[in-house]
Amino acid sequence: MIVHFADDQSKAQAQRKSILPVSAARAEVNALVQGLPCREICDRQLACALQLALDGDIEGAKKTVAAAKAFVLGKRAARGRFQYLKWSFGTATVLIGLLFLASRLCPFKESSSDLWLAAKAGLIGAAFSIALAIRDRTVALDTELVANVTDGTLRLLIGVISAGVLLLLFASGIVPSLRIGDADFKSDSLTWETVLVIGSSQVFWSGLSRISWKRRTLRATRPTRPAGLPRRLAEIVNTRCEVQR
């Protein structure tokens, strides 16, 4: 987009000064929109913002540029989530292949000590956890490929390692025997089914811990009702505080 100023130098200088308040945000939008199919929409919004600035409506111009920036960031964030999932599941495919190869080269005879099986279950559980929480998880924009690949790979490796450690805790007897329904989680009676359950259970523990943390944060940030304040009025005050946040 090209801005053509007036031929008169004094008018051109005044026009340049009028668009200075939105120049920084405009440069950010131009940098973020590179390579996106919505470039035409952003150019129209920026043109409208420049027109408002030249007409003297600086606040309106700032709001228009801010709306364009929020639009581009939303597009980048959505593409970042897709990029995160794509590389995470690609990495999971490679890791599951390596685990199958390792289980063929160095197999474990007893199910209670089959770390490869627990690692496979932990890997699948970690991938399932990533897919479930992708909407609430803060990921980098699609311009930060290394950050998304690194974060997804680390989460998968944490799932693999935690599954192996959890199996070792049960198999060594450090964790006391657990009975759920008709299943006994004991060191001497672990079958391949229970190993799969142990390996994949870390996804449920992580989900429960995340929900518990959100509830504690919500309770800590919720304003308390002052002494003597009617309950209905306190509910109205709390509602307004949440809307402002």
# chains A, B, ... in the order shown; residues from 1 in each chain; ligands from 1
>>> residues_around(residues="Cys48 (chain A)", least_positions_apart="2", cutoff="12 Å", atoms="only C-alpha atoms", output="number ranges by chain")
A: 1, 3, 19, 22, 26, 41-46, 50-55, 57-58, 60-65, 67-68
>>> write_last_selection(atoms="N, CA and C atoms", output="PDB file, in the first residue's frame")
ATOM      1  N   MET A   1       0.849  -1.181   0.000  1.00  0.00           N
ATOM      2  CA  MET A   1       0.000   0.000   0.000  1.00  0.00           C
ATOM      3  C   MET A   1       0.891   1.239   0.000  1.00  0.00           C
ATOM      4  N   VAL A   3       1.130   5.492   0.134  1.00  0.00           N
ATOM      5  CA  VAL A   3       0.470   6.732   0.556  1.00  0.00           C
ATOM      6  C   VAL A   3       1.049   7.878  -0.259  1.00  0.00           C
ATOM      7  N   ILE A  19      -0.282  10.963  10.636  1.00  0.00           N
ATOM      8  CA  ILE A  19      -0.329   9.489  10.626  1.00  0.00           C
ATOM      9  C   ILE A  19       0.761   8.865  11.495  1.00  0.00           C
ATOM     10  N   VAL A  22      -0.109   6.144  14.311  1.00  0.00           N
ATOM     11  CA  VAL A  22      -0.478   4.775  13.925  1.00  0.00           C
ATOM     12  C   VAL A  22       0.618   4.106  13.097  1.00  0.00           C
ATOM     13  N   ARG A  26       0.933   0.099  12.394  1.00  0.00           N
ATOM     14  CA  ARG A  26       0.794  -0.230  10.973  1.00  0.00           C
ATOM     15  C   ARG A  26       1.968  -1.064  10.484  1.00  0.00           C
ATOM     16  N   ILE A  41      -7.676  -7.760   2.913  1.00  0.00           N
ATOM     17  CA  ILE A  41      -8.550  -7.267   3.980  1.00  0.00           C
ATOM     18  C   ILE A  41      -7.784  -6.332   4.905  1.00  0.00           C
ATOM     19  N   CYS A  42      -6.560  -6.711   5.263  1.00  0.00           N
ATOM     20  CA  CYS A  42      -5.751  -5.871   6.150  1.00  0.00           C
ATOM     21  C   CYS A  42      -5.368  -4.566   5.468  1.00  0.00           C
ATOM     22  N   ASP A  43      -5.080  -4.601   4.166  1.00  0.00           N
ATOM     23  CA  ASP A  43      -4.751  -3.371   3.443  1.00  0.00           C
ATOM     24  C   ASP A  43      -5.928  -2.406   3.452  1.00  0.00           C
ATOM     25  N   ARG A  44      -7.133  -2.937   3.332  1.00  0.00           N
ATOM     26  CA  ARG A  44      -8.305  -2.061   3.372  1.00  0.00           C
ATOM     27  C   ARG A  44      -8.482  -1.447   4.743  1.00  0.00           C
ATOM     28  N   GLN A  45      -8.256  -2.234   5.793  1.00  0.00           N
ATOM     29  CA  GLN A  45      -8.366  -1.689   7.142  1.00  0.00           C
ATOM     30  C   GLN A  45      -7.298  -0.626   7.406  1.00  0.00           C
ATOM     31  N   LEU A  46      -6.084  -0.862   6.946  1.00  0.00           N
ATOM     32  CA  LEU A  46      -5.030   0.125   7.125  1.00  0.00           C
ATOM     33  C   LEU A  46      -5.310   1.392   6.325  1.00  0.00           C
ATOM     34  N   LEU A  50      -5.624   5.119   7.872  1.00  0.00           N
ATOM     35  CA  LEU A  50      -4.883   6.282   7.396  1.00  0.00           C
ATOM     36  C   LEU A  50      -5.820   7.417   7.005  1.00  0.00           C
ATOM     37  N   GLN A  51      -6.947   7.069   6.404  1.00  0.00           N
ATOM     38  CA  GLN A  51      -7.922   8.095   6.042  1.00  0.00           C
ATOM     39  C   GLN A  51      -8.473   8.794   7.287  1.00  0.00           C
ATOM     40  N   LEU A  52      -8.760   8.004   8.329  1.00  0.00           N
ATOM     41  CA  LEU A  52      -9.242   8.581   9.579  1.00  0.00           C
ATOM     42  C   LEU A  52      -8.179   9.478  10.219  1.00  0.00           C
ATOM     43  N   ALA A  53      -6.905   9.043  10.169  1.00  0.00           N
ATOM     44  CA  ALA A  53      -5.835   9.862  10.735  1.00  0.00           C
ATOM     45  C   ALA A  53      -5.659  11.159   9.982  1.00  0.00           C
ATOM     46  N   LEU A  54      -5.754  11.120   8.654  1.00  0.00           N
ATOM     47  CA  LEU A  54      -5.630  12.346   7.851  1.00  0.00           C
ATOM     48  C   LEU A  54      -6.798  13.290   8.075  1.00  0.00           C
ATOM     49  N   ASP A  55      -7.949  12.729   8.416  1.00  0.00           N
ATOM     50  CA  ASP A  55      -9.121  13.561   8.704  1.00  0.00           C
ATOM     51  C   ASP A  55      -9.141  14.085  10.128  1.00  0.00           C
ATOM     52  N   ASP A  57      -9.195  12.130  12.991  1.00  0.00           N
ATOM     53  CA  ASP A  57      -9.761  11.191  13.966  1.00  0.00           C
ATOM     54  C   ASP A  57      -8.670  10.188  14.368  1.00  0.00           C
ATOM     55  N   ILE A  58      -7.796  10.593  15.273  1.00  0.00           N
ATOM     56  CA  ILE A  58      -6.671   9.745  15.660  1.00  0.00           C
ATOM     57  C   ILE A  58      -7.133   8.523  16.436  1.00  0.00           C
ATOM     58  N   GLY A  60     -10.044   7.001  16.294  1.00  0.00           N
ATOM     59  CA  GLY A  60     -10.665   6.053  15.364  1.00  0.00           C
ATOM     60  C   GLY A  60      -9.641   5.311  14.539  1.00  0.00           C
ATOM     61  N   ALA A  61      -8.571   6.014  14.133  1.00  0.00           N
ATOM     62  CA  ALA A  61      -7.499   5.371  13.364  1.00  0.00           C
ATOM     63  C   ALA A  61      -6.783   4.315  14.207  1.00  0.00           C
ATOM     64  N   LYS A  62      -6.525   4.634  15.486  1.00  0.00           N
ATOM     65  CA  LYS A  62      -5.867   3.661  16.361  1.00  0.00           C
ATOM     66  C   LYS A  62      -6.729   2.421  16.561  1.00  0.00           C
ATOM     67  N   LYS A  63      -8.040   2.621  16.740  1.00  0.00           N
ATOM     68  CA  LYS A  63      -8.930   1.478  16.920  1.00  0.00           C
ATOM     69  C   LYS A  63      -8.988   0.613  15.670  1.00  0.00           C
ATOM     70  N   THR A  64      -8.968   1.245  14.505  1.00  0.00           N
ATOM     71  CA  THR A  64      -9.012   0.474  13.259  1.00  0.00           C
ATOM     72  C   THR A  64      -7.742  -0.342  13.072  1.00  0.00           C
ATOM     73  N   VAL A  65      -6.581   0.259  13.357  1.00  0.00           N
ATOM     74  CA  VAL A  65      -5.325  -0.477  13.246  1.00  0.00           C
ATOM     75  C   VAL A  65      -5.263  -1.597  14.287  1.00  0.00           C
ATOM     76  N   ALA A  67      -7.815  -3.225  15.478  1.00  0.00           N
ATOM     77  CA  ALA A  67      -8.692  -4.296  14.993  1.00  0.00           C
ATOM     78  C   ALA A  67      -8.001  -5.117  13.910  1.00  0.00           C
ATOM     79  N   ALA A  68      -7.266  -4.451  13.023  1.00  0.00           N
ATOM     80  CA  ALA A  68      -6.529  -5.166  11.979  1.00  0.00           C
ATOM     81  C   ALA A  68      -5.443  -6.048  12.586  1.00  0.00           C
TER      82      ALA A  68
END
>>> residues_around(residues="Thr138 (chain A)", least_positions_apart="6", cutoff="12 Å", atoms="only C-alpha atoms", output="ChimeraX atom specification")
/A:77-78,80-81,84,130,147-148,151-152
>>> atom_distance(atom1="CA of Ala121 (chain A)", atom2="CA of Leu196 (chain A)")
5.5 Å
>>> closest_residue(among="A:Val149, A:Leu169, A:Ile134, A:Leu141", to="Gly90 (chain A)", atoms="only C-alpha atoms")
A:Val149
>>> closest_residue(among="A:Ala27, A:Leu105, A:Leu99, A:Ala92", to="Thr153 (chain A)", atoms="only C-alpha atoms")
A:Ala92
>>> atom_distance(atom1="CA of Val94 (chain A)", atom2="CA of Ala140 (chain A)")
22.6 Å
>>> closest_residue(among="A:Ser172, A:Ser88, A:Ser162, A:Ser113", to="Ala131 (chain A)", atoms="only C-alpha atoms")
A:Ser88
>>> residues_around(residues="Glu110 (chain A)", least_positions_apart="6", cutoff="10 Å", atoms="only C-alpha atoms", output="list in words")
Leu190, Thr191 and Trp192 of chain A
>>> atom_distance(atom1="CA of Ala119 (chain A)", atom2="CA of Ala163 (chain A)")
5.7 Å
